[in-house]
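Shown next, in structure tokens, is the structure this report addresses.
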Amino acid sequence: MSEKIKILLAEDDANLGNLLSTFLKAKDFEVTLCVNGEIALDRYKNHIFDFIILDVMMPIMDGFSVAKEIRETDKETPILFLTAKSMKDDKLKGFSTGADDYMTKPFSMDELLARISAILKRTYSSNKKETLYTIGDITFDYTSQIITLNEVAKKLTTKENELFYILIKNKDEILDRNAALRHVWGDDNYFNGRSMDVYITKLRKHIKESNRVEILNVHGKGFKLLEK
């Protein structure tokens with residue numbers, strides 16, 4: 001792991017949040033600290049992270065809700081829950097939202113580091129968020145916002161880029177329409193929905209010369225990026 005691992009940390013207890021952030025930075029992680037779930041979700045939507053740590057009980061938006069929304073479009077980025085509770089039902093709920101691990105407060109910093117390291121060892125090599133993808137006869141550079149097809153490169157707008165990215169991350173699966181709207185536009189209202197339809201049309205034009213990739217409408221559900 002030559003590059004610094006980017007961690008999104010959501011913790012509403014200022015003292016604990018600063019303590020965790022300082023400790024992880026000292027261990028050579030890059031940390032973005034958020035004081036509630038709503039801010040954390042906004043940061044997630046606008047940046048790429050390799051690991052997510054969520055306190056369960058937070059104001060405005062709790063950790064379970066944040067994880068559930070993340071997992072609608074991202075099945076890969078590891079999520080670790082922190083909680084003051086130790087009840088079995090809470091742990092089961094955490095894992096049902098797609099958590100990779102669960103720690104009950106209080107815990108030692110060394111144990112936290114060990115948990116993070118173990119999860120990254122399992123997932124990093126195969127699930128690290130990439131920036132360059134090849135699907136069928138298309139190459140997609142997420143960082144540069146470029147689709148290349150038949151040796152012709154096309155620059156995408158930011159929203160085209162984000163929309164194509166989550167389509168690729170959910171390749172051959174149905175991408176829920178409302179989840180895509182919340183991820184890219186931040187709100188699944190009617191007007192954003194009309195805007196997304198326009199961007200889907202634009203993406204189809206970008207890849208219309210492809211013989212192996214297409215974007216399908218799934219009536220009443222969403223879209224599917226299909227590799228033939």
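By order in the structure tokens, chains are A, B, ...; within a chain, residues start at 1; ligands start at 1, following the order shown.
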
Contacts of Thr83 of chain A within 8 Å, only C-alpha atoms, excl. fewer than 4 positions in-chain, as a short mmCIF file (atom, residue, chain, number, x, y, z; two decimals) with C-alpha atoms, in the first residue's frame:
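result_4.cif was written with the following content:
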```cif
data_model
loop_
_atom_site.label_atom_id
_atom_site.label_comp_id
_atom_site.auth_asym_id
_atom_site.auth_seq_id
_atom_site.Cartn_x
_atom_site.Cartn_y
_atom_site.Cartn_z
CA ASP A 55 -20.33 5.99 15.11
CA VAL A 56 -23.80 4.48 15.37
CA MET A 57 -25.47 7.12 17.57
CA TYR A 102 -18.22 -3.67 14.86
CA MET A 103 -16.47 -2.24 17.94
CA THR A 104 -18.07 -1.45 21.28
CA LYS A 105 -16.83 1.55 23.28
#
```

If you count only C-alpha atoms, the residue of A:Leu54, A:Arg122, A:Asp110, A:Ile147 closest to Glu38 of chain A turns out to be A:Leu54

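Using only C-alpha atoms, the contacts of Met196 of chain A at a cut-off of 12 Å, with sequence neighbours closer than 4 positions omitted, comprise Lys159, Glu160, Glu162, Leu163, Phe164, Arg177, Asn178, Ala179, Ala180, Leu181, Arg182, His183, Val184, Trp185, Gly186, Asp187, Asp188, Asn189, Tyr190, Phe191, Asn192, Ile200, Thr201, Lys202, Leu203, Gly222 and Phe223 of chain A.
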
Just the number, please: distance in Å from atom CA of Thr158 of chain A to atom CA of Tyr199 of chain A, one decimal.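 Separation between atom CA of Thr158 of chain A and atom CA of Tyr199 of chain A: 10.7 Å.
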
From segment 84-193 of chain A, collect each residue whose DSSP state is strand (DSSP E or B) and return the set as a PyMOL selection string. chain A and resi 101-104+132-135+138-141+146-149+152-155+175-176

Residues from last step as file, N, CA and C atoms, as a PDB file, in the first residue's frame:
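Here's the written file again17.pdb:
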```
ATOM      1  N   ASP A 101     -17.184  -4.839  10.262  1.00  0.00           N
ATOM      2  CA  ASP A 101     -16.825  -5.124  11.653  1.00  0.00           C
ATOM      3  C   ASP A 101     -17.538  -4.134  12.569  1.00  0.00           C
ATOM      4  N   TYR A 102     -17.428  -4.386  13.866  1.00  0.00           N
ATOM      5  CA  TYR A 102     -18.221  -3.674  14.858  1.00  0.00           C
ATOM      6  C   TYR A 102     -17.416  -3.589  16.144  1.00  0.00           C
ATOM      7  N   MET A 103     -17.205  -2.395  16.688  1.00  0.00           N
ATOM      8  CA  MET A 103     -16.468  -2.239  17.940  1.00  0.00           C
ATOM      9  C   MET A 103     -17.307  -1.507  18.977  1.00  0.00           C
ATOM     10  N   THR A 104     -17.308  -2.044  20.191  1.00  0.00           N
ATOM     11  CA  THR A 104     -18.073  -1.447  21.277  1.00  0.00           C
ATOM     12  C   THR A 104     -17.159  -0.586  22.146  1.00  0.00           C
ATOM     13  N   LEU A 132      -9.058   3.530 -12.833  1.00  0.00           N
ATOM     14  CA  LEU A 132      -9.042   3.169 -14.239  1.00  0.00           C
ATOM     15  C   LEU A 132      -9.751   1.829 -14.424  1.00  0.00           C
ATOM     16  N   TYR A 133     -10.746   1.813 -15.281  1.00  0.00           N
ATOM     17  CA  TYR A 133     -11.558   0.619 -15.496  1.00  0.00           C
ATOM     18  C   TYR A 133     -11.602   0.258 -16.974  1.00  0.00           C
ATOM     19  N   THR A 134     -11.658  -1.039 -17.250  1.00  0.00           N
ATOM     20  CA  THR A 134     -11.903  -1.514 -18.603  1.00  0.00           C
ATOM     21  C   THR A 134     -13.132  -2.393 -18.558  1.00  0.00           C
ATOM     22  N   ILE A 135     -14.110  -2.043 -19.361  1.00  0.00           N
ATOM     23  CA  ILE A 135     -15.338  -2.820 -19.444  1.00  0.00           C
ATOM     24  C   ILE A 135     -15.666  -2.996 -20.915  1.00  0.00           C
ATOM     25  N   ILE A 138     -14.511  -0.525 -23.759  1.00  0.00           N
ATOM     26  CA  ILE A 138     -14.451   0.837 -23.224  1.00  0.00           C
ATOM     27  C   ILE A 138     -13.436   0.918 -22.090  1.00  0.00           C
ATOM     28  N   THR A 139     -12.645   1.988 -22.085  1.00  0.00           N
ATOM     29  CA  THR A 139     -11.771   2.305 -20.961  1.00  0.00           C
ATOM     30  C   THR A 139     -12.308   3.570 -20.299  1.00  0.00           C
ATOM     31  N   PHE A 140     -12.399   3.534 -18.985  1.00  0.00           N
ATOM     32  CA  PHE A 140     -12.936   4.673 -18.235  1.00  0.00           C
ATOM     33  C   PHE A 140     -11.931   5.095 -17.184  1.00  0.00           C
ATOM     34  N   ASP A 141     -11.496   6.347 -17.254  1.00  0.00           N
ATOM     35  CA  ASP A 141     -10.581   6.931 -16.276  1.00  0.00           C
ATOM     36  C   ASP A 141     -11.390   7.861 -15.373  1.00  0.00           C
ATOM     37  N   ILE A 146     -12.587  10.630 -18.264  1.00  0.00           N
ATOM     38  CA  ILE A 146     -12.481  10.358 -19.697  1.00  0.00           C
ATOM     39  C   ILE A 146     -12.939   8.935 -20.022  1.00  0.00           C
ATOM     40  N   ILE A 147     -13.796   8.826 -21.033  1.00  0.00           N
ATOM     41  CA  ILE A 147     -14.170   7.540 -21.616  1.00  0.00           C
ATOM     42  C   ILE A 147     -13.425   7.410 -22.938  1.00  0.00           C
ATOM     43  N   THR A 148     -12.796   6.254 -23.150  1.00  0.00           N
ATOM     44  CA  THR A 148     -12.109   6.002 -24.414  1.00  0.00           C
ATOM     45  C   THR A 148     -12.734   4.796 -25.100  1.00  0.00           C
ATOM     46  N   LEU A 149     -13.139   4.986 -26.348  1.00  0.00           N
ATOM     47  CA  LEU A 149     -13.767   3.937 -27.141  1.00  0.00           C
ATOM     48  C   LEU A 149     -13.263   4.049 -28.572  1.00  0.00           C
ATOM     49  N   VAL A 152     -10.881   6.776 -29.367  1.00  0.00           N
ATOM     50  CA  VAL A 152     -11.393   8.144 -29.292  1.00  0.00           C
ATOM     51  C   VAL A 152     -11.734   8.450 -27.831  1.00  0.00           C
ATOM     52  N   ALA A 153     -11.102   9.495 -27.285  1.00  0.00           N
ATOM     53  CA  ALA A 153     -11.320   9.868 -25.897  1.00  0.00           C
ATOM     54  C   ALA A 153     -12.354  10.985 -25.797  1.00  0.00           C
ATOM     55  N   LYS A 154     -13.284  10.825 -24.849  1.00  0.00           N
ATOM     56  CA  LYS A 154     -14.316  11.842 -24.636  1.00  0.00           C
ATOM     57  C   LYS A 154     -14.290  12.280 -23.174  1.00  0.00           C
ATOM     58  N   LYS A 155     -14.226  13.595 -22.985  1.00  0.00           N
ATOM     59  CA  LYS A 155     -14.214  14.159 -21.634  1.00  0.00           C
ATOM     60  C   LYS A 155     -15.638  14.242 -21.098  1.00  0.00           C
ATOM     61  N   LEU A 175     -29.065  -0.745 -10.891  1.00  0.00           N
ATOM     62  CA  LEU A 175     -28.744   0.434 -10.082  1.00  0.00           C
ATOM     63  C   LEU A 175     -30.063   1.139  -9.783  1.00  0.00           C
ATOM     64  N   ASP A 176     -30.450   1.134  -8.525  1.00  0.00           N
ATOM     65  CA  ASP A 176     -31.713   1.746  -8.137  1.00  0.00           C
ATOM     66  C   ASP A 176     -31.740   3.227  -8.510  1.00  0.00           C
TER      67      ASP A 176
END
```

Please return as a ChimeraX atom specification: the residues of segment 6-191 of chain A that backbone DSSP assigns to alpha helix (DSSP H). /A:14-26,37-46,63-71,88-96,109-127,158-169,177-184,190-191

Within 9 Å of Asn211 of chain A, counting only C-alpha atoms, which residues qualify if same-chain residues fewer than 4 places away don't, as a VMD selection string? chain A and resid 136 to 137 207 228

Please provide the set of residues having any atom within 12 Å of Gly98 of chain A, restricted to only C-alpha atoms, with same-chain residues fewer than 4 positions apart removed, written as a ChimeraX atom specification. /A:52,63-81,91-94,102

Measuring between only C-alpha atoms, which one of A:Ala10, A:Ala40, A:Leu113, A:Ala99 shows the shortest distance to Ala26 of chain A? A:Leu113

Leu225 of chain A environment, 10 Å, only C-alpha atoms, sequence neighbours closer than 4 positions dropped, as an MDAnalysis selection string: chainID A and resid 135 164 166:175 213:217

Counting only C-alpha atoms, closest pick from A:Ile53, A:Leu19, A:Val31, A:Leu9 relative to Ile119 of chain A is A:Ile53

With only C-alpha atoms as the counted atoms, please give the residues lying no more than 12 Å from Ile48 of chain A, apart from itself and same-chain residues fewer than 5 positions off, as a compact mmCIF listing (two decimals) with C-alpha atoms, in the first residue's frame.
```txt
# COMPACT_ATOMS: atom_id res chain seq x y z
CA ILE A 5 -5.21 4.91 3.00
CA LYS A 6 -8.03 7.47 3.06
CA ILE A 7 -10.37 7.04 6.03
CA LEU A 8 -13.75 8.72 6.47
CA GLU A 30 -5.28 10.20 5.75
CA VAL A 31 -8.34 11.03 7.86
CA THR A 32 -11.45 13.13 7.17
CA LEU A 41 -22.44 11.24 3.69
CA ASP A 42 -21.80 14.50 1.86
CA ARG A 43 -18.03 13.99 2.12
CA ASP A 74 -21.12 0.93 -3.06
CA THR A 77 -15.65 0.13 0.69
CA LYS A 128 -9.53 -0.98 -3.51
CA LYS A 129 -11.30 1.82 -5.27
CA GLU A 130 -9.72 2.01 -8.65
CA THR A 131 -9.53 5.00 -10.93
CA TYR A 142 -12.51 8.15 -13.25
CA THR A 143 -9.87 10.64 -12.10
CA GLU A 162 -20.15 10.17 -11.25
CA TYR A 165 -18.80 5.46 -12.14
```

Atom pair atom CA of Arg204 of chain A / atom CA of Lys221 of chain A: separation (Å): 18.2 Å
